[in-house]
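Undergrad: This is upload.txt, which holds compact mmCIF, C-alpha atoms:
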```
# COMPACT_ATOMS: atom_id res chain seq x y z
CA MET H 1 101.29 110.36 95.32
CA ALA H 2 103.75 109.16 92.69
CA THR H 3 107.42 109.22 91.75
CA ASN H 4 109.11 109.40 88.38
CA ASN H 5 109.84 105.65 88.35
CA HIS H 6 106.11 104.79 88.26
CA ASN H 7 106.01 103.66 91.89
CA PHE H 8 102.59 104.87 93.02
CA LYS H 9 101.26 104.71 96.57
CA PHE H 10 97.48 104.65 97.02
CA ASN H 11 94.69 103.18 99.13
CA LYS H 12 92.37 100.38 98.01
CA GLY H 13 89.76 102.66 96.49
CA GLU H 14 92.34 104.56 94.46
CA TRP H 15 94.06 101.39 93.24
CA SER H 16 90.62 100.16 92.15
CA GLU H 17 90.60 102.84 89.44
CA LEU H 18 93.70 101.23 87.93
CA TYR H 19 92.16 97.77 88.31
CA VAL H 20 89.06 98.83 86.36
CA PHE H 21 91.25 100.41 83.66
CA LEU H 22 93.30 97.23 83.21
CA LYS H 23 90.41 94.78 83.42
CA ILE H 24 88.21 96.65 80.94
CA LEU H 25 91.01 96.82 78.37
CA SER H 26 91.87 93.13 78.85
CA GLU H 27 88.24 92.05 78.29
CA GLY H 28 87.16 94.65 75.75
CA LYS H 29 83.71 94.66 77.35
CA LEU H 30 81.86 96.56 80.04
CA TYR H 31 79.07 94.42 81.46
CA ALA H 32 75.74 95.85 82.55
CA ALA H 33 74.83 95.57 86.24
CA ARG H 34 71.94 93.65 87.72
CA LEU H 35 70.90 93.02 91.31
CA ASN H 36 70.76 89.41 92.47
CA PRO H 37 67.50 89.43 94.50
CA LYS H 38 68.35 86.23 96.41
CA GLU H 39 71.66 87.53 97.80
CA ASN H 40 70.85 91.26 97.47
CA LYS H 41 74.18 91.63 95.70
CA LEU H 42 75.19 93.38 92.53
CA GLU H 43 76.59 91.26 89.71
CA ASN H 44 77.35 91.68 86.04
CA ASN H 45 74.82 90.58 83.47
CA GLY H 46 76.75 88.21 81.22
CA ASN H 47 74.24 88.69 78.40
CA ILE H 48 74.34 92.49 78.20
CA PHE H 49 77.56 94.42 77.67
CA TYR H 50 79.02 97.45 75.91
CA SER H 51 81.95 96.90 73.56
CA VAL H 52 84.96 98.99 74.55
CA ARG H 53 86.74 100.73 71.69
CA LYS H 54 89.13 102.96 73.61
CA VAL H 55 90.04 104.08 77.13
CA ILE H 56 91.60 107.50 77.75
CA LYS H 57 93.90 108.31 80.67
CA GLY H 58 95.27 111.84 80.72
CA SER H 59 96.58 112.58 77.22
CA ILE H 60 97.12 108.93 76.29
CA SER H 61 94.61 106.76 74.40
CA TYR H 62 94.49 102.98 74.75
CA ILE H 63 92.82 101.64 71.63
CA GLU H 64 91.59 98.10 71.11
CA GLU H 65 92.94 96.30 68.05
CA VAL H 66 90.36 93.53 67.84
CA GLU H 67 91.89 91.46 65.05
CA ASN H 68 95.28 91.05 66.72
CA ASP H 69 94.15 91.04 70.37
CA TYR H 70 96.37 94.02 71.14
CA ILE H 71 95.99 97.40 72.79
CA CYS H 72 97.61 100.29 70.92
CA VAL H 73 99.08 102.98 73.20
CA GLU H 74 98.65 106.25 71.32
CA ASP H 75 100.17 109.61 72.26
CA PRO H 76 98.45 113.02 71.85
CA ASP H 77 99.83 113.32 68.30
CA ASN H 78 98.07 110.06 67.33
CA GLU H 79 101.39 108.27 67.13
CA VAL H 80 101.43 104.67 68.36
CA HIS H 81 103.86 104.52 71.28
CA GLU H 82 103.52 100.79 71.94
CA LYS H 83 101.44 97.72 71.10
CA VAL H 84 100.68 95.61 74.16
CA SER H 85 98.87 92.27 74.29
CA LYS H 86 95.58 92.03 76.15
CA LYS H 87 97.12 89.14 78.07
CA GLU H 88 99.60 91.56 79.67
CA PHE H 89 96.73 93.80 80.73
CA GLN H 90 94.92 90.79 82.18
CA ASP H 91 97.98 89.51 84.06
CA ASN H 92 98.65 92.91 85.58
CA SER H 93 95.00 93.41 86.51
CA LEU H 94 95.21 90.18 88.55
CA ILE H 95 98.38 91.42 90.28
CA VAL H 96 96.58 94.65 91.20
CA LEU H 97 93.50 92.75 92.40
CA ARG H 98 95.58 90.52 94.65
CA ALA H 99 97.49 93.51 96.04
CA ILE H 100 94.25 95.38 96.80
CA THR H 101 92.79 92.33 98.53
CA GLU H 102 95.88 91.83 100.69
CA GLY H 103 96.90 95.48 101.16
CA LYS H 104 96.30 97.75 104.15
CA GLY H 105 96.20 101.52 104.33
CA THR H 106 98.19 103.07 101.48
CA PHE H 107 100.64 100.83 99.70
CA GLU H 108 102.76 100.40 96.58
CA ILE H 109 102.56 97.63 93.97
CA PRO H 110 106.17 97.48 92.69
CA GLU H 111 105.49 94.42 90.49
CA ILE H 112 103.58 96.56 87.99
CA SER H 113 105.99 99.52 87.74
CA ALA H 114 107.69 98.28 84.58
CA PHE H 115 104.34 97.61 82.90
CA LEU H 116 102.99 101.06 83.76
CA LYS H 117 106.13 102.62 82.27
CA LYS H 118 105.72 100.48 79.17
CA ILE H 119 102.16 101.72 78.57
CA ASN H 120 103.16 105.29 79.43
CA LEU H 121 100.69 105.58 82.32
CA THR H 122 101.82 108.49 84.50
CA SER H 123 98.60 109.17 86.41
CA ILE H 124 96.13 106.82 88.10
CA LYS H 125 93.97 108.84 90.47
CA THR H 126 91.56 111.50 89.21
CA LYS H 127 91.02 114.81 90.99
CA SER H 128 88.77 114.59 94.06
CA SER H 129 86.66 117.44 92.67
CA SER H 130 85.71 115.29 89.67
CA LYS H 131 83.03 112.60 89.56
CA GLY H 132 84.35 111.18 86.31
CA ASP H 133 87.04 108.59 87.07
CA ILE H 134 87.56 107.04 83.64
CA ILE H 135 86.77 108.00 80.04
CA ILE H 136 85.72 105.13 77.78
CA GLN H 137 84.73 105.02 74.14
CA VAL H 138 82.03 102.38 73.77
CA HIS H 139 79.98 101.17 70.86
CA ASP H 140 76.39 102.31 71.36
CA ILE H 141 74.09 99.73 69.79
CA PHE H 142 71.10 102.05 70.14
CA THR H 143 72.56 104.84 68.01
CA ASN H 144 75.27 102.85 66.18
CA THR H 145 77.85 105.43 67.28
CA ASN H 146 81.04 105.30 69.36
CA PRO H 147 80.74 108.07 71.98
CA GLN H 148 83.47 108.91 74.50
CA ILE H 149 81.79 109.00 77.89
CA SER H 150 82.89 109.41 81.49
CA PHE H 151 82.14 106.89 84.26
CA SER H 152 82.37 107.19 88.02
CA ILE H 153 83.99 104.23 89.82
CA LYS H 154 83.10 102.89 93.27
CA SER H 155 84.77 99.85 94.77
CA TYR H 156 83.82 97.30 97.43
CA LEU H 157 87.33 95.83 97.45
CA GLY H 158 88.05 97.85 100.59
CA SER H 159 85.56 99.28 103.07
CA HIS H 160 82.17 100.32 101.78
CA PRO H 161 82.65 103.32 99.50
CA THR H 162 81.33 106.76 100.31
CA LEU H 163 78.77 108.44 98.11
CA LEU H 164 78.91 111.77 99.96
CA ASN H 165 82.14 112.43 101.86
CA ALA H 166 82.02 114.17 105.22
CA SER H 167 83.57 117.64 105.32
CA GLU H 168 82.93 121.11 106.69
CA ALA H 169 80.87 121.63 103.52
CA THR H 170 78.41 118.86 104.46
CA LYS H 171 77.81 120.30 107.93
CA PHE H 172 74.22 121.22 108.85
CA ILE H 173 73.49 123.88 111.49
CA PHE H 174 70.45 123.42 113.76
CA GLU H 175 68.88 125.70 116.36
CA THR H 176 68.21 124.09 119.73
CA GLU H 177 65.17 124.87 121.83
CA ILE H 178 63.34 123.31 124.75
CA VAL H 179 59.58 123.04 124.60
CA GLU H 180 58.04 124.21 127.90
CA ASN H 181 57.36 121.22 130.12
CA THR H 182 56.41 121.89 133.74
CA ALA H 183 57.03 118.26 134.67
CA ASN H 184 60.66 118.39 133.58
CA LYS H 185 62.10 121.89 133.62
CA ILE H 186 65.69 122.26 132.44
CA ASP H 187 67.72 125.05 130.88
CA LEU H 188 69.95 124.77 127.82
CA SER H 189 73.22 124.97 129.74
CA THR H 190 72.18 122.05 131.94
CA LEU H 191 71.02 120.13 128.87
CA SER H 192 74.32 120.83 127.15
CA ARG H 193 76.26 119.40 130.10
CA LYS H 194 74.03 116.31 130.17
CA MET H 195 74.58 115.77 126.44
CA GLU H 196 78.36 116.17 126.82
CA ILE H 197 78.40 113.23 129.25
CA GLN H 198 76.81 110.88 126.71
CA GLY H 199 79.37 108.98 124.63
CA ASN H 200 77.56 108.52 121.34
CA VAL H 201 75.30 110.82 119.36
CA SER H 202 72.20 108.64 119.64
CA ASP H 203 72.36 108.86 123.44
CA LYS H 204 72.88 112.62 123.23
CA PHE H 205 69.72 113.01 121.18
CA GLU H 206 67.77 110.69 123.45
CA GLU H 207 68.77 113.00 126.31
CA LEU H 208 67.54 115.93 124.23
CA ARG H 209 64.19 114.24 123.61
CA LYS H 210 63.68 113.33 127.27
CA VAL H 211 63.41 116.99 128.25
CA GLY H 212 61.34 118.08 125.28
CA GLY H 213 64.34 119.34 123.35
CA LYS H 214 63.94 120.15 119.70
CA LEU H 215 66.32 120.71 116.77
CA THR H 216 65.23 123.01 113.96
CA PHE H 217 67.26 123.22 110.75
CA LYS H 218 68.81 126.67 110.31
CA LYS H 219 71.21 126.45 107.35
CA CYS H 220 73.96 124.53 105.61
CA ASN H 221 77.47 125.47 106.67
CA ASN H 222 78.46 125.84 103.01
CA GLU H 223 76.44 128.12 100.72
CA ILE H 224 77.46 126.25 97.55
CA PHE H 225 76.28 122.91 98.94
CA GLU H 226 73.00 124.50 100.04
CA ARG H 227 72.51 125.93 96.56
CA ASN H 228 73.33 122.57 94.95
CA LEU H 229 70.75 120.82 97.12
CA LYS H 230 68.16 123.43 96.14
CA MET H 231 68.77 122.50 92.49
CA ILE H 232 67.07 119.19 93.33
CA ASP H 233 64.30 120.77 95.42
CA THR H 234 64.11 124.12 97.22
CA LYS H 235 63.36 122.26 100.46
CA MET H 236 66.11 119.66 100.01
CA PRO H 237 68.58 121.27 102.48
CA GLN H 238 66.03 120.93 105.27
CA ILE H 239 64.87 117.48 104.13
CA LEU H 240 68.40 116.06 104.03
CA ALA H 241 69.35 117.72 107.34
CA ASP H 242 66.26 116.32 109.06
CA LEU H 243 66.82 112.88 107.55
CA TYR H 244 70.37 112.86 108.86
CA TYR H 245 69.19 113.87 112.33
CA TYR H 246 66.48 111.17 112.32
CA SER H 247 69.02 108.56 111.18
CA TYR H 248 70.30 108.51 114.77
CA PHE H 249 67.00 106.96 115.83
CA VAL H 250 67.05 104.23 113.15
CA SER H 251 69.11 101.09 113.67
CA GLY H 252 71.58 100.61 110.82
CA LYS H 253 70.83 104.07 109.36
CA LYS H 254 69.73 102.53 106.05
CA MET H 255 68.43 105.28 103.77
CA SER H 256 65.10 103.65 102.90
CA LYS H 257 64.37 102.96 106.60
CA VAL H 258 65.32 106.49 107.63
CA VAL H 259 63.01 107.92 104.96
CA GLU H 260 60.15 105.76 106.27
CA TYR H 261 60.82 106.92 109.84
CA TYR H 262 61.07 110.57 108.75
CA CYS H 263 57.80 110.41 106.83
CA ALA H 264 56.01 108.84 109.79
CA GLU H 265 57.37 111.48 112.19
CA LYS H 266 56.65 114.40 109.86
CA SER H 267 53.45 113.02 108.28
CA GLU H 268 55.06 113.40 104.85
CA ASP H 269 54.11 111.66 101.61
CA LEU H 270 56.45 108.63 101.43
CA ASP H 271 56.37 108.34 97.63
CA LEU H 272 57.17 112.03 97.25
CA ILE H 273 60.16 111.98 99.62
CA GLU H 274 61.47 108.71 98.15
CA TYR H 275 61.41 110.25 94.67
CA LYS H 276 63.29 113.35 95.81
CA ILE H 277 65.95 111.36 97.66
CA LYS H 278 66.51 109.05 94.69
CA GLU H 279 67.04 112.13 92.52
CA LEU H 280 69.50 113.50 95.08
CA LEU H 281 71.51 110.27 95.37
CA CYS H 282 71.74 109.95 91.59
CA ALA H 283 72.85 113.58 91.27
CA ILE H 284 75.61 113.04 93.86
CA ALA H 285 76.70 109.83 92.14
CA LEU H 286 76.95 111.39 88.69
CA GLY H 287 78.02 114.96 89.15
CA MET H 288 77.25 116.94 92.29
CA VAL H 289 80.05 117.65 94.78
CA PRO H 290 79.53 119.87 97.85
CA LYS H 291 82.16 122.57 97.23
CA THR H 292 81.65 123.13 93.50
CA LYS H 293 78.74 125.02 91.99
CA TRP H 294 76.62 122.39 90.22
CA THR H 295 75.00 123.05 86.85
CA GLY H 296 72.56 120.16 87.06
CA LEU H 297 74.45 118.22 84.40
CA ASP H 298 75.99 114.77 84.83
CA GLU H 299 79.78 114.95 84.95
CA ALA H 300 79.96 111.17 84.84
CA ASN H 301 77.84 111.24 81.70
CA GLY H 302 78.33 107.56 80.94
CA GLY H 303 77.14 106.20 84.24
CA TYR H 304 78.46 104.28 87.21
CA ILE H 305 80.96 101.41 87.44
CA VAL H 306 80.90 99.25 90.57
CA VAL H 307 83.71 96.87 91.58
CA GLU H 308 82.31 94.05 93.69
CA SER H 309 84.24 92.40 96.55
CA ASN H 310 85.13 89.44 94.29
CA GLY H 311 86.68 91.72 91.64
CA GLU H 312 83.77 91.53 89.20
CA ILE H 313 82.95 94.78 87.41
CA ALA H 314 79.47 95.92 86.41
CA CYS H 315 78.13 99.22 85.19
CA PHE H 316 74.96 101.23 85.23
CA HIS H 317 74.94 102.93 81.85
CA ILE H 318 73.20 106.29 81.68
CA TYR H 319 70.38 104.46 79.89
CA ASP H 320 69.87 102.50 83.13
CA ARG H 321 69.29 105.60 85.24
CA ASN H 322 66.17 104.23 86.93
CA ARG H 323 67.97 101.06 87.96
CA LEU H 324 70.87 103.15 89.27
CA LYS H 325 68.47 105.21 91.40
CA GLU H 326 66.92 102.07 92.86
CA TYR H 327 70.34 100.58 93.55
CA LEU H 328 71.60 103.71 95.32
CA TYR H 329 68.41 104.12 97.34
CA ASN H 330 68.30 100.49 98.48
CA THR H 331 72.00 100.16 99.34
CA SER H 332 72.97 103.58 100.73
CA LYS H 333 73.01 104.48 104.40
CA PHE H 334 73.97 107.43 106.56
CA ASP H 335 77.33 107.24 108.31
CA SER H 336 78.64 108.94 111.46
CA PRO H 337 81.98 110.72 110.96
CA SER H 338 84.20 111.79 113.87
CA LEU H 339 82.52 114.29 116.21
CA SER H 340 85.80 115.68 117.54
CA ARG H 341 87.21 116.30 114.07
CA TYR H 342 84.28 118.52 113.15
CA ASN H 343 83.40 119.74 116.67
CA ALA H 344 79.86 118.46 116.07
CA ALA H 345 76.84 117.55 118.23
CA LYS H 346 77.58 120.26 120.80
CA ILE H 347 75.33 123.16 121.79
CA ASN H 348 77.20 126.45 121.49
CA ASP H 349 76.44 129.82 123.13
CA LYS H 350 74.23 130.72 120.15
CA ARG H 351 72.02 127.69 120.90
CA GLU H 352 73.28 126.06 117.70
CA LEU H 353 74.22 122.43 117.16
CA SER H 354 75.95 121.08 114.07
CA LEU H 355 75.94 117.67 112.40
CA VAL H 356 78.23 116.53 109.56
CA CYS H 357 76.52 114.39 106.94
CA GLN H 358 78.15 111.39 105.28
CA ILE H 359 76.53 108.76 103.06
CA ARG H 360 77.93 105.31 102.24
CA PHE H 361 76.53 102.48 100.15
```
Please express the file's structure as structure tokens.
TA:
Amino acid sequence: MATNNHNFKFNKGEWSELYVFLKILSEGKLYAARLNPKENKLENNGNIFYSVRKVIKGSISYIEEVENDYICVEDPDNEVHEKVSKKEFQDNSLIVLRAITEGKGTFEIPEISAFLKKINLTSIKTKSSSKGDIIIQVHDIFTNTNPQISFSIKSYLGSHPTLLNASEATKFIFETEIVENTANKIDLSTLSRKMEIQGNVSDKFEELRKVGGKLTFKKCNNEIFERNLKMIDTKMPQILADLYYYSYFVSGKKMSKVVEYYCAEKSEDLDLIEYKIKELLCAIALGMVPKTKWTGLDEANGGYIVVESNGEIACFHIYDRNRLKEYLYNTSKFDSPSLSRYNAAKINDKRELSLVCQIRF
């Protein structure tokens, strides 16, 4: 949402895109990420960084002028619209950081309106269908070239960011059946009523288990999402659906713990499933979205930028793909979106039950 006078209104995650834009241009560097094993926190590696040559927003290029410590604002015709000091970018990045830290819900930051007009920035938020949030030209020391590459941005300045957003497209459909048990006979309609009484999903599924109930994956609600998952592995729709179901029996729903539980329940090869899930998480992070047919290519072909809760920025360059996979696998967890919104976890007259998958990290 925006008006012609550059007064934008966004949430913390969306404002974080602007913060990254301003901070990167003010520093002229994009630091590599590393995990602090003592605190299990991500931090930037002060010794490894990528020199930023240019940042592109819409049709406008913001080019670093190293000698004079300025940023040149260049229009589509390669005409310099304005020269702005890096200090101004730094000052405004701090204003945005403070506003994000103190803000609630969606909010404006009127103090930066004049600056945004000065640098001709008319758009902040990228389309939700895109995984690439910012285009940066960096100096690649490995090839001695200056490629323009796209990065995805995730921020911890607000609540924990989502990796896979809940929607009708991420809904899994299961078939419900009751295994014959003479000691505890019950029909599906009675079971359905018992499950309705239970407040949370975990209790519903415990009720299901008590009577020998069983959920069997049937299909994804969205054919495109099912196809995209099959690009990773033909069995991935069922694997992810079952993992999400089993997450309700694992405290904290942490991905690595759910995978361990799943493998124990299903007698699956832990290394094999871990590998497949790491591939899936990385694909979602860099390019796959549920409602768009995926080609298997990385849309965020530069990598991943993470904004930590203290405002520090660190990136996983595409060269660091293995480290990105490990980071995503060890920090992601399943989340439980609203049941009423998606009419989920109820047995219908077709004996079907649906669950809507969401993943945070």
Undergrad: List as JSON, numbers by chain the protein and nucleic acid residues near Tyr70 of chain H, meaning an atom at most 7 Å away when only C-alpha atoms are counted, but skip any in the same chain fewer than 4 places from it.
TA: {"H": [64, 65, 66, 83, 84, 85, 86]}
Undergrad: Which of these residues is nearest to Leu163 of chain H, using all atoms listed in the file: H:Asn322, H:Gln358, H:Ser26, H:Ser338?
TA: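 Looking at the shortest contact to Leu163 of chain H, the residue is H:Gln358.
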Undergrad: Write out as a PyMOL selection string which residues come within 12 Å of Ile112 of chain H when counting all atoms listed in the file, dropping same-chain ones fewer than 2 positions away.
TA: chain H and resi 5-8+15+18-19+22+88-97+99+108-110+114-119+121
Undergrad: Quick one: residues within 12 Å of Glu79 of chain H, all atoms listed in the file, excluding same-chain residues fewer than 3 positions away - as a list in words?
TA: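 My reading of the contact set: Ser59, Ile60, Ser61, Tyr62, Ile63, Cys72, Val73, Glu74, Asp75, Pro76, Glu82 and Lys83 of chain H.
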Undergrad: Using only C-alpha atoms, pick whichever of H:Ser267, H:Ser309, H:Ser332, H:Thr170 has the shortest atom-to-atom distance to Leu240 of chain H.
TA: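 Looking at the shortest contact to Leu240 of chain H, the residue is H:Thr170.
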Undergrad: One decimal, Å: what's the distance from atom CA of Ile136 of chain H over to atom CA of Glu308 of chain H, could you say?
TA: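 Separation between atom CA of Ile136 of chain H and atom CA of Glu308 of chain H: 19.7 Å.
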Undergrad: Between atom CA of Ser113 of chain H and atom CA of Asn310 of chain H, measure the distance and give it in Å to one decimal.
TA: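 We find that atom CA of Ser113 of chain H and atom CA of Asn310 of chain H lie 24.1 Å from each other.
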Undergrad: What is the atom CA of Glu177 of chain H-atom CA of Lys230 of chain H distance in Å, reported with one decimal?
TA: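 About the pair atom CA of Glu177 of chain H and atom CA of Lys230 of chain H: they are 25.9 Å apart.
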Undergrad: Contacts of Val259 of chain H at 10 Å or less, counting only C-alpha atoms, minus same-chain residues fewer than 6 places along, as a list in words?
TA: Ile239, Leu240, Asp242, Leu243, Tyr244, Tyr246, Ser247, Val250, Lys253, Glu265, Glu268, Leu270, Asp271, Ile273, Glu274 and Ile277 of chain H
Undergrad: Applying 10 Å and all atoms listed in the file, which residues near Lys254 of chain H remain after dropping the ones on its own chain fewer than 6 positions away? List them as a list of chain:residue names.
TA: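 Non-adjacent residues within range: H:Ser247, H:Tyr329, H:Asn330, H:Thr331, H:Ser332, H:Lys333, H:Phe334, H:Asp335, H:Ile359, H:Arg360, H:Phe361.
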Undergrad: Around all of segment 56-75 of chain H's listed atoms, make the axis-aligned box with 8 Å on each side and tell me centre and edge lengths in Å to one decimal, as lines of an AutoDock Vina configuration file.
TA:
```
center_x = 95.3
center_y = 101.8
center_z = 72.9
size_x = 25.8
size_y = 37.5
size_z = 31.7
```
Undergrad: Kindly indicate which residue among H:Ile141, H:Leu339, H:Ile124, H:Leu229 lies nearest to Val52 of chain H, using all atoms listed in the file for the distances.
TA: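 Nearest to Val52 of chain H: H:Ile141.
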Undergrad: At most 7 Å from (75.2, 120.4, 114.8), file frame, only C-alpha atoms: which residues, as a ChimeraX atom specification?
TA: /H:172-174,344-346,352-355
Undergrad: Residues as selected, C-alpha atoms, written as a short mmCIF file (atom, residue, chain, number, x, y, z; two decimals), in the coordinates of the input, can you do that?
TA:
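As a result, again-v3.cif now contains:
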```
data_model
loop_
_atom_site.label_atom_id
_atom_site.label_comp_id
_atom_site.auth_asym_id
_atom_site.auth_seq_id
_atom_site.Cartn_x
_atom_site.Cartn_y
_atom_site.Cartn_z
CA PHE H 172 74.22 121.22 108.85
CA ILE H 173 73.49 123.88 111.49
CA PHE H 174 70.45 123.42 113.76
CA ALA H 344 79.86 118.46 116.07
CA ALA H 345 76.84 117.55 118.23
CA LYS H 346 77.58 120.26 120.80
CA GLU H 352 73.28 126.06 117.70
CA LEU H 353 74.22 122.43 117.16
CA SER H 354 75.95 121.08 114.07
CA LEU H 355 75.94 117.67 112.40
#
```
